[in-house]
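*Asks:* Data: final-v1.cif, mmCIF, C-alpha atoms.
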data_upload
loop_
_atom_site.label_atom_id
_atom_site.label_comp_id
_atom_site.auth_asym_id
_atom_site.auth_seq_id
_atom_site.Cartn_x
_atom_site.Cartn_y
_atom_site.Cartn_z
CA MET F 63 142.88 83.60 109.31
CA ARG F 64 145.94 85.25 107.79
CA LEU F 65 148.21 83.01 105.79
CA ARG F 66 151.45 84.32 104.39
CA VAL F 67 152.26 83.99 100.70
CA PRO F 68 155.42 84.82 98.78
CA LEU F 69 155.47 88.56 98.12
CA LEU F 70 157.77 88.51 95.12
CA ALA F 71 158.08 86.20 92.15
CA SER F 72 160.33 85.69 89.12
CA ALA F 73 159.94 87.76 85.95
CA ALA F 74 159.64 85.13 83.17
CA VAL F 75 156.33 84.80 81.35
CA ALA F 76 154.53 81.47 81.84
CA ALA F 77 153.07 79.33 79.09
CA ALA F 78 149.42 80.03 78.37
CA PHE F 79 146.70 77.67 79.52
CA GLY F 80 144.47 77.27 76.49
CA ALA F 81 141.69 79.46 75.22
CA ALA F 82 141.05 82.66 77.10
CA LEU F 83 137.68 83.32 78.61
CA LEU F 84 137.73 87.09 78.18
CA GLY F 85 137.03 89.08 75.08
CA ALA F 86 133.68 87.59 74.11
CA MET F 87 131.96 90.97 74.18
CA PRO F 88 132.62 93.64 71.55
CA ALA F 89 135.26 96.11 72.66
CA ARG F 90 134.33 99.74 73.16
CA ALA F 91 136.66 102.66 72.81
CA GLN F 92 139.27 102.89 75.54
CA GLN F 93 138.11 105.24 78.26
CA ALA F 94 140.08 108.10 79.72
CA PRO F 95 140.94 107.40 83.39
CA GLU F 96 138.45 109.93 84.72
CA LEU F 97 135.69 108.32 82.62
CA ALA F 98 136.25 104.78 83.88
CA CYS F 99 133.14 103.22 85.44
CA PRO F 100 130.73 105.83 84.02
CA SER F 101 127.81 104.14 85.76
CA LEU F 102 129.45 104.92 89.13
CA PRO F 103 130.33 108.63 88.94
CA ALA F 104 131.86 110.49 91.86
CA ARG F 105 129.32 112.30 93.99
CA LEU F 106 129.32 114.89 96.76
CA PRO F 107 129.75 114.18 99.49
CA MET F 108 131.80 111.10 98.74
CA PRO F 109 131.00 108.21 101.11
CA ARG F 110 133.63 106.86 103.47
CA GLU F 111 134.10 103.80 101.26
CA ALA F 112 135.22 105.99 98.35
CA LYS F 113 137.79 108.09 100.21
CA PRO F 114 141.32 107.02 101.20
CA GLU F 115 141.50 106.02 104.85
CA GLN F 116 144.41 104.76 106.90
CA LEU F 117 142.92 101.96 108.96
CA THR F 118 143.75 101.47 112.63
CA ASP F 119 144.01 97.67 112.85
CA PRO F 120 147.58 96.79 113.99
CA TYR F 121 147.95 93.92 111.53
CA TRP F 122 146.71 96.06 108.65
CA ARG F 123 149.25 98.75 109.56
CA ALA F 124 152.13 96.29 109.84
CA ARG F 125 151.38 94.57 106.52
CA THR F 126 150.77 97.91 104.83
CA ALA F 127 154.09 99.26 106.09
CA GLU F 128 155.83 96.14 104.74
CA LEU F 129 154.29 96.58 101.28
CA SER F 130 155.03 100.30 101.23
CA ARG F 131 158.70 99.52 101.89
CA VAL F 132 158.70 97.04 98.99
CA ALA F 133 157.03 99.58 96.71
CA GLY F 134 159.51 102.24 97.80
CA ARG F 135 162.36 100.12 96.43
CA GLY F 136 160.68 100.15 93.01
CA LEU F 137 158.33 97.74 91.24
CA GLY F 138 159.56 98.05 87.69
CA TYR F 139 159.97 94.29 87.45
CA ALA F 140 156.30 93.53 88.24
CA GLN F 141 154.26 92.25 85.32
CA THR F 142 151.10 91.50 87.30
CA ILE F 143 149.93 92.90 90.63
CA PHE F 144 147.22 91.40 92.81
CA LEU F 145 145.35 93.92 94.98
CA GLY F 146 142.90 93.01 97.70
CA ASP F 147 142.31 91.78 101.23
CA SER F 148 143.06 88.49 103.01
CA ILE F 149 141.55 86.42 100.19
CA THR F 150 144.25 87.84 97.93
CA GLN F 151 147.04 87.76 100.50
CA SER F 152 146.31 84.15 101.42
CA TRP F 153 146.72 82.52 98.01
CA ASP F 154 147.93 78.97 98.61
CA PRO F 155 151.75 79.24 98.19
CA PRO F 156 152.26 76.22 95.86
CA ILE F 157 149.38 77.34 93.64
CA TRP F 158 150.66 80.91 93.60
CA GLU F 159 154.17 79.89 92.61
CA THR F 160 152.99 77.43 89.96
CA TYR F 161 150.55 79.72 88.19
CA PHE F 162 151.67 83.26 88.94
CA GLY F 163 155.30 83.08 90.05
CA SER F 164 156.57 82.84 86.49
CA ARG F 165 154.41 85.82 85.46
CA GLY F 166 156.42 88.31 87.47
CA ALA F 167 153.50 88.65 89.87
CA VAL F 168 153.47 90.54 93.17
CA ASN F 169 150.91 90.00 95.89
CA PHE F 170 149.71 93.23 97.50
CA GLY F 171 146.85 91.72 99.45
CA VAL F 172 146.35 92.92 103.03
CA GLY F 173 144.33 90.92 105.53
CA GLY F 174 141.43 92.91 106.92
CA ASP F 175 141.49 95.55 104.19
CA PHE F 176 138.52 97.61 103.12
CA VAL F 177 137.97 99.52 99.89
CA GLN F 178 138.90 102.77 101.60
CA GLY F 179 142.05 101.17 103.00
CA LEU F 180 143.15 100.08 99.53
CA LEU F 181 142.53 103.59 98.24
CA TRP F 182 144.85 104.88 100.96
CA ARG F 183 147.51 102.29 100.14
CA LEU F 184 147.55 103.21 96.47
CA GLN F 185 147.81 106.93 97.19
CA GLU F 186 149.12 108.10 100.55
CA GLY F 187 150.64 104.68 101.23
CA GLY F 188 152.76 104.86 98.08
CA GLN F 189 151.93 101.36 96.90
CA TRP F 190 151.56 102.40 93.27
CA PRO F 191 154.94 104.07 92.67
CA ALA F 192 155.95 105.67 89.40
CA THR F 193 158.02 102.60 88.55
CA LEU F 194 154.97 100.31 88.60
CA ARG F 195 153.70 99.71 85.07
CA PRO F 196 152.37 96.13 85.13
CA ARG F 197 150.62 94.54 82.23
CA ALA F 198 147.75 93.50 84.48
CA ALA F 199 146.25 94.36 87.86
CA VAL F 200 143.92 91.80 89.45
CA LEU F 201 141.50 93.52 91.82
CA LEU F 202 139.36 91.78 94.47
CA ILE F 203 138.21 94.05 97.29
CA GLY F 204 135.03 94.89 99.18
CA THR F 205 133.85 91.80 101.07
CA ASN F 206 135.01 93.23 104.40
CA ASN F 207 132.83 96.26 103.73
CA ALA F 208 129.87 93.87 103.56
CA SER F 209 130.78 92.61 107.04
CA TYR F 210 130.22 96.14 108.36
CA ASN F 211 127.04 96.73 106.36
CA SER F 212 128.45 99.32 104.01
CA PRO F 213 125.74 100.20 101.47
CA PRO F 214 126.50 98.30 98.24
CA GLU F 215 126.30 101.56 96.28
CA ASP F 216 129.05 103.08 98.43
CA THR F 217 131.29 100.02 98.24
CA ALA F 218 130.85 99.91 94.46
CA LEU F 219 131.74 103.59 94.16
CA GLY F 220 134.89 102.96 96.19
CA ILE F 221 135.86 100.14 93.84
CA ALA F 222 135.28 102.46 90.88
CA GLU F 223 137.60 104.99 92.53
CA VAL F 224 140.30 102.29 92.86
CA ILE F 225 139.98 101.61 89.15
CA ARG F 226 140.27 105.30 88.34
CA VAL F 227 143.40 105.61 90.49
CA ILE F 228 145.05 102.70 88.67
CA ARG F 229 144.06 104.08 85.27
CA ARG F 230 145.59 107.47 86.14
CA ARG F 231 148.79 105.97 87.48
CA SER F 232 149.33 103.44 84.70
CA PRO F 233 147.03 103.91 81.67
CA GLY F 234 148.52 100.93 79.87
CA THR F 235 147.73 98.46 82.64
CA ARG F 236 144.78 96.18 82.03
CA ILE F 237 142.59 95.69 85.07
CA LEU F 238 140.86 92.40 85.80
CA LEU F 239 138.08 93.31 88.21
CA LEU F 240 136.86 90.24 90.09
CA GLY F 241 133.37 90.02 91.47
CA LEU F 242 133.14 89.57 95.22
CA LEU F 243 133.09 85.89 96.11
CA PRO F 244 130.15 84.09 97.73
CA ARG F 245 129.97 84.11 101.51
CA GLY F 246 128.29 81.83 104.02
CA ALA F 247 126.71 78.42 103.61
CA ASP F 248 124.05 79.38 101.08
CA ALA F 249 122.43 82.21 99.16
CA SER F 250 120.43 83.37 102.19
CA ASP F 251 123.54 84.79 103.91
CA PRO F 252 122.97 88.56 104.22
CA ALA F 253 126.59 89.42 103.42
CA ARG F 254 126.42 87.30 100.27
CA GLN F 255 123.37 89.24 99.15
CA ILE F 256 125.24 92.50 99.71
CA ASN F 257 128.17 91.19 97.67
CA GLN F 258 125.88 90.18 94.83
CA ARG F 259 124.46 93.69 94.71
CA VAL F 260 127.98 95.15 94.65
CA ASN F 261 128.84 92.81 91.77
CA ALA F 262 125.83 93.96 89.79
CA LEU F 263 126.95 97.57 90.23
CA ILE F 264 130.63 97.08 89.33
CA ALA F 265 130.21 94.70 86.39
CA PRO F 266 129.45 97.60 83.96
CA CYS F 267 132.91 99.03 84.73
CA ALA F 268 134.24 96.60 82.13
CA ASP F 269 134.95 98.17 78.76
CA ASN F 270 136.73 95.00 77.59
CA ARG F 271 139.78 96.96 76.54
CA SER F 272 141.24 98.46 79.71
CA VAL F 273 138.95 96.97 82.32
CA PHE F 274 137.63 93.42 82.32
CA TYR F 275 135.16 91.84 84.71
CA ALA F 276 134.98 88.24 85.87
CA ASP F 277 132.67 86.69 88.46
CA LEU F 278 134.35 83.47 89.59
CA GLY F 279 131.98 82.66 92.44
CA HIS F 280 130.18 79.95 90.50
CA VAL F 281 133.14 77.59 90.91
CA LEU F 282 132.72 77.66 94.71
CA VAL F 283 128.99 76.89 94.99
CA ASP F 284 126.54 74.39 93.55
CA GLN F 285 123.59 75.23 91.33
CA ALA F 286 121.45 75.99 94.38
CA GLY F 287 124.05 78.43 95.71
CA ARG F 288 125.29 76.17 98.49
CA ALA F 289 129.00 76.27 99.30
CA LEU F 290 130.77 73.23 97.88
CA PRO F 291 132.36 70.91 100.44
CA GLY F 292 135.98 71.69 101.20
CA VAL F 293 136.33 75.05 99.45
CA PHE F 294 135.89 77.38 102.45
CA VAL F 295 137.68 77.47 105.78
CA ASP F 296 134.99 79.53 107.49
CA GLY F 297 132.43 80.54 104.88
CA LEU F 298 134.69 83.35 103.67
CA HIS F 299 138.37 82.36 103.42
CA LEU F 300 139.38 79.66 100.97
CA THR F 301 141.09 76.33 101.38
CA PRO F 302 143.79 75.17 98.94
CA ASN F 303 140.99 73.34 97.12
CA GLY F 304 139.06 76.60 96.85
CA TYR F 305 142.08 78.38 95.39
CA ALA F 306 142.64 75.49 92.97
CA ARG F 307 139.10 75.92 91.69
CA LEU F 308 139.62 79.67 91.30
CA VAL F 309 142.93 79.42 89.48
CA ALA F 310 141.50 77.01 86.90
CA VAL F 311 139.33 79.81 85.51
CA LEU F 312 141.40 82.83 86.56
CA GLU F 313 144.78 81.93 85.07
CA PRO F 314 143.57 81.68 81.44
CA GLN F 315 142.01 85.12 81.74
CA ILE F 316 145.24 86.63 83.04
CA ALA F 317 147.15 84.88 80.25
CA ASN F 318 144.84 86.51 77.72
CA MET F 319 145.40 89.94 79.23
CA VAL F 320 149.19 89.90 79.55
CA GLY F 321 149.96 87.94 76.40
CA ARG F 322 151.30 84.49 75.91
#
Could I get this file's structure written as structure tokens?
*Replies:*
Amino acid sequence: MRLRVPLLASAAVAAAFGAALLGAMPARAQQAPELACPSLPARLPMPREAKPEQLTDPYWRARTAELSRVAGRGLGYAQTIFLGDSITQSWDPPIWETYFGSRGAVNFGVGGDFVQGLLWRLQEGGQWPATLRPRAAVLLIGTNNASYNSPPEDTALGIAEVIRVIRRRSPGTRILLLGLLPRGADASDPARQINQRVNALIAPCADNRSVFYADLGHVLVDQAGRALPGVFVDGLHLTPNGYARLVAVLEPQIANMVGR
């Protein structure tokens, strides 16, 4: 399912939503871009998931072309950029406008995207132009790789490469790396288990100065790992209720990163 959300939003900064949830861990020294995610170093040969790839899906190409045109006109106004697949693109429009519209946010989610597709978009696709210097980048990518049985180690390395690209392009941007969300009805779903392994591998990317990590999946499942009623459309994509549960914990973290 591919829902459309507003691409652009106003530039004013919204009021903060109470105490931030980030910053509990001691901060380490800020890493140079090439040293980001030291637990996931580049290796030879690089797997497919960690190399830019222009995907062939017609919808992906159309949406990507649209975003590349937007980026080509300049993104100097953007204070926050959301990067990801259909889960990012399909943010419920009223929730998006209420919580992120006034933060100068842009939505660069592409339905059907993979980690390698996002790498292509940020490089060959021109979707991180020189004018883009946001305060925060919110990154959620990789669940589609689980659908095609990409090894978790390869997906995690691709995500680390995305982080390194962003750090090179805009060293002052803080990155909020989101753990892949739960999939399926319960914890026995094979794709969910892959996602959990990816999350374990990418969580150490956080240095709590330039890169932060947040796993929000707990707000979508009960203590036994079963999907809560009414939060998923199909075991993967979220309902407005699912997005409302996410934003309740996500927005304060973004507020902490970009300033009040």
*Asks:* Let me know the residues the PyMOL selection byres ((chain F and resi 189) around 9) catches in the file above, as a ChimeraX atom specification.
*Replies:* /F:126,129-134,170,182-188,190-191,194
*Asks:* In Å, with one decimal, what is the gap from CA of Arg288 in chain F to CA of Ile237 in chain F?
*Replies:*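 CA of Ile237 in chain F lies 29.3 Å from CA of Arg288 in chain F.
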*Asks:* Tell me, as a PyMOL selection string, which residues lie within 9 Å of Val320 in chain F, counting only C-alpha atoms; anything in the same chain fewer than 5 positions away does not count.
*Replies:* chain F and resi 75+141-142+165+196-198+236+315
*Asks:* Go through F:Thr160, F:Asn270, F:Thr205, F:Ser212 and flag the residue nearest Asn257 in chain F, using all atoms listed in the file for the distances.
*Replies:*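 When distances to Asn257 in chain F are compared using all atoms listed in the file, the smallest one comes from F:Thr205.
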*Asks:* Evaluate the PyMOL selection byres ((chain F and resi 200) around 12) on the structure here and hand back the selected residues as a PyMOL selection string.
*Replies:* chain F and resi 141-147+150+162+167-171+196-199+201-203+224-225+228+235-241+273-276+312-313+315-317+319-320
